[in-house]
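Q: Below you will find the structure I want to go over with you.
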Amino acid sequence: MSRSSAPLVIAIDGPSGSGKSSVSRAVATRLGLAFLDTGAMFRALTWWCLERGLDLHDEAAVAQAARELPLTMVTEPQAPGVAVDGTDVGAAIRESRISEQVSAVATNLEVRAELRRRQREIIAECRDRVGGVVAEGRDITTVVAPDADVRVLLYASEEARLRRRAKELHGHAEAEAVAATHAQVVHRDRKDSTVSSFMEAAEGVTTVDTSDLDFEQSVEAVLEVVAATVGTRA
Ligand SMILES: Nc1ncnc2c1ncn2[C@@H]1O[C@H](COP(=O)(O)OP(=O)(O)O)[C@@H](O)[C@H]1O
Ligand SMILES: Nc1ccn([C@H]2C[C@H](O)[C@@H](COP(=O)(O)OP(=O)(O)O)O2)c(=O)n1
């Protein structure tokens, strides 16, 4: 798909396992845009707090850590990266111990304010440097970039999301793998829902339901929303 030379900011939100990261990366690659995984920023902060032995429920200490976090986000969609103080934490932040504890950090309102500030800075920088970005998370369409050119809520049924995550983590989606994944997906979304609204689309946000779509169809569905929206901007 070709696009006009005007900068393009695409905001994508959705629950865990809806396909935000993988679909956003593919969309960014196809459109020649940067890619920002905001969940990785909450994960990196969680990793750093644990490295330093902080109690994640000590809100003031974690908020201070957020302000000091020496974080680098690499926004190249074909090779995205996350580094803390020069250490590549791309793999470490996906470990279950982080997935299980990240909500304690993500529900800290001072942390959210600090990471929101950084996310806006990165989005603005990508807009200027490469002509745009696909930024994904839980509150991008509503809080971080409500003025984005394209705003999408990526939805998938709980069953589809559990199946996808089980396959990713355990290599199959048999009953015991799905059950093991339940806490990471459903419980975490419940906690995260207390600070962001990502289960229903806000006004002006287009819902793309991927429950019955395969990966490539999901990418195409988002690209169609982009084409329709950019078309109406001209
Ligand atoms: N439409 C889809 N159909 C099937 N699998 C998908 C689809 N979208 C994503 N996946 C797979 O589901 C898993 C979770 O996707 P991911 O992008 O990490 O979701 P999120 O960022 O929303 O948590 C990944 O293994 C991904 O390849
Ligand atoms: N903009 C964002 C992005 C993520 N979060 C929270 C929600 C999750 O618990 C963590 C990690 O998000 P991430 O998108 O990596 O999680 P999943 O890939 O969907 O499992 O951060 C948030 O509160 N706001």
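Identifiers in the structure tokens: chain A, B, ... in order shown; residue index from 1 per chain; ligand index from 1 in order shown.
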Give me, as a ChimeraX atom specification, all polymer residues having an atom no more than 12 Å from Pro7 in chain A, counting only C-alpha atoms and skipping those fewer than 3 positions away in the same chain.

A: /A:3-4,10,31-34,123-134,148-150,230,233

Q: Can you list every residue in range 15-181 of chain A that DSSP puts in helix (DSSP H, G or I), as a PyMOL selection string?

A: chain A and resi 20-31+38-51+59-68+92-94+96-106+109-130+140-144+158-170+175-181

Q: Pull the closest atom pair for each residue of range 94-145 of chain A that gets at most 10 Å from range 198-203 of chain A, along with the distance in Å to one decimal, counting only C-alpha atoms, ordering rows by chain and then ascending residue number, as JSON lines.

A:
```
{"residue": "A:Gly137", "atom": "CA", "partner": "A:Phe198", "partner_atom": "CA", "distance": 8.8}
{"residue": "A:Arg138", "atom": "CA", "partner": "A:Phe198", "partner_atom": "CA", "distance": 5.6}
{"residue": "A:Asp139", "atom": "CA", "partner": "A:Phe198", "partner_atom": "CA", "distance": 6.9}
{"residue": "A:Ile140", "atom": "CA", "partner": "A:Phe198", "partner_atom": "CA", "distance": 9.4}
{"residue": "A:Thr141", "atom": "CA", "partner": "A:Ala202", "partner_atom": "CA", "distance": 8.0}
{"residue": "A:Thr142", "atom": "CA", "partner": "A:Ala202", "partner_atom": "CA", "distance": 7.0}
```

Q: Please produce a file of the residues just selected, as an mmCIF file, in the first residue's frame, where the atoms kept are N, CA and C atoms.

A:
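Written file, part-v5.cif:
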```
data_model
loop_
_atom_site.group_PDB
_atom_site.id
_atom_site.type_symbol
_atom_site.label_atom_id
_atom_site.label_comp_id
_atom_site.auth_asym_id
_atom_site.auth_seq_id
_atom_site.Cartn_x
_atom_site.Cartn_y
_atom_site.Cartn_z
ATOM 1 N N GLY A 137 -0.445 -0.540 22.663
ATOM 2 C CA GLY A 137 -0.488 -0.725 24.111
ATOM 3 C C GLY A 137 -1.907 -0.876 24.631
ATOM 4 N N ARG A 138 -2.188 -0.178 25.739
ATOM 5 C CA ARG A 138 -3.519 -0.266 26.344
ATOM 6 C C ARG A 138 -4.256 1.069 26.335
ATOM 7 N N ASP A 139 -3.478 2.164 26.293
ATOM 8 C CA ASP A 139 -4.095 3.491 26.410
ATOM 9 C C ASP A 139 -3.561 4.450 25.357
ATOM 10 N N ILE A 140 -3.128 3.904 24.224
ATOM 11 C CA ILE A 140 -2.550 4.759 23.186
ATOM 12 C C ILE A 140 -3.659 5.520 22.457
ATOM 13 N N THR A 141 -4.752 4.824 22.148
ATOM 14 C CA THR A 141 -5.848 5.491 21.414
ATOM 15 C C THR A 141 -6.576 6.496 22.297
ATOM 16 N N THR A 142 -6.500 6.313 23.612
ATOM 17 C CA THR A 142 -7.325 7.128 24.516
ATOM 18 C C THR A 142 -6.548 8.205 25.269
#
```

Q: What do you get as a PyMOL selection string if you pick all residues at most 9 Å from ligand 1, counting only C-alpha atoms and all ligand atoms?

A: chain A and resi 13-25+37+39+136-137+154-156+160-169+185+209-219

Q: So, counting only C-alpha atoms and all ligand atoms, which residue among A:Asp85, A:Ala183, A:Pro70, A:Ala63 is closest to ligand 2?

A: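 That would be A:Ala183, the residue with the smallest distance to ligand 2.
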
Q: Quick one: pull the distance between CA of Gly53 in chain A and CA of Ala65 in chain A, Å, one decimal.

A: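 Going from CA of Gly53 in chain A over to CA of Ala65 in chain A covers 11.4 Å.
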
Q: Provide the CA of Glu176 in chain A to CA of Leu153 in chain A distance in Å, to one decimal place.

A: 29.3 Å

Q: Please determine, counting only C-alpha atoms, which residue among A:Leu69, A:Ala26, A:Ala79, A:Leu45 has the shortest atom-to-atom distance to Ala221 in chain A.

A: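 When distances to Ala221 in chain A are compared using only C-alpha atoms, the smallest one comes from A:Ala26.
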
Q: Tell me which of A:Arg112, A:Arg151, A:His182, A:His57 sits closest to ligand 2, counting only C-alpha atoms and all ligand atoms.

A: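 Looking only at the distances to ligand 2, the closest residue turns out to be A:Arg112.
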
Q: I need the residues of chain A that end up classed as strand (DSSP E or B) by DSSP on the backbone, written out as a ChimeraX atom specification.

A: /A:8-13,34-37,71-74,81-84,87-88,132-137,150-155,206-209

Q: For Val111 in chain A, list every protein, DNA or RNA residue within 10 Å, evaluated using only C-alpha atoms, and leave out those in the same chain fewer than 2 positions away; present the list as a VMD selection string.

A: chain A and resid 42 45 59 to 60 62 to 67 105 to 109 113 to 117

Q: Can you work out which one of A:Ala180, A:Leu8, A:Ala40, A:Ala173 has the shortest atom-to-atom distance to ligand 2, counting only C-alpha atoms and all ligand atoms?

A: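 Of all the options, A:Ala40 lies closest to ligand 2.
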
Q: Which one of A:Ser193, A:Thr38, A:Thr181, A:Gln101 sits closest to ligand 2 if you count only C-alpha atoms and all ligand atoms?

A: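 The answer is A:Thr38, which sits nearest to ligand 2.
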
Q: What does the structure give for the distance between atom 17 (P, counted along the ligand's line) of ligand 2 and CA of Arg97 in chain A, in Å to one decimal?

A: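 Those two atoms sit 13.2 Å apart.
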
Q: Pick from A:Gln184, A:Ala83, A:Glu158, A:Glu68: nearest to ligand 2, with only C-alpha atoms and all ligand atoms counted?

A: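 Checking each of A:Gln184, A:Ala83, A:Glu158, A:Glu68 against ligand 2, counting only C-alpha atoms and all ligand atoms, the winner is A:Gln184.
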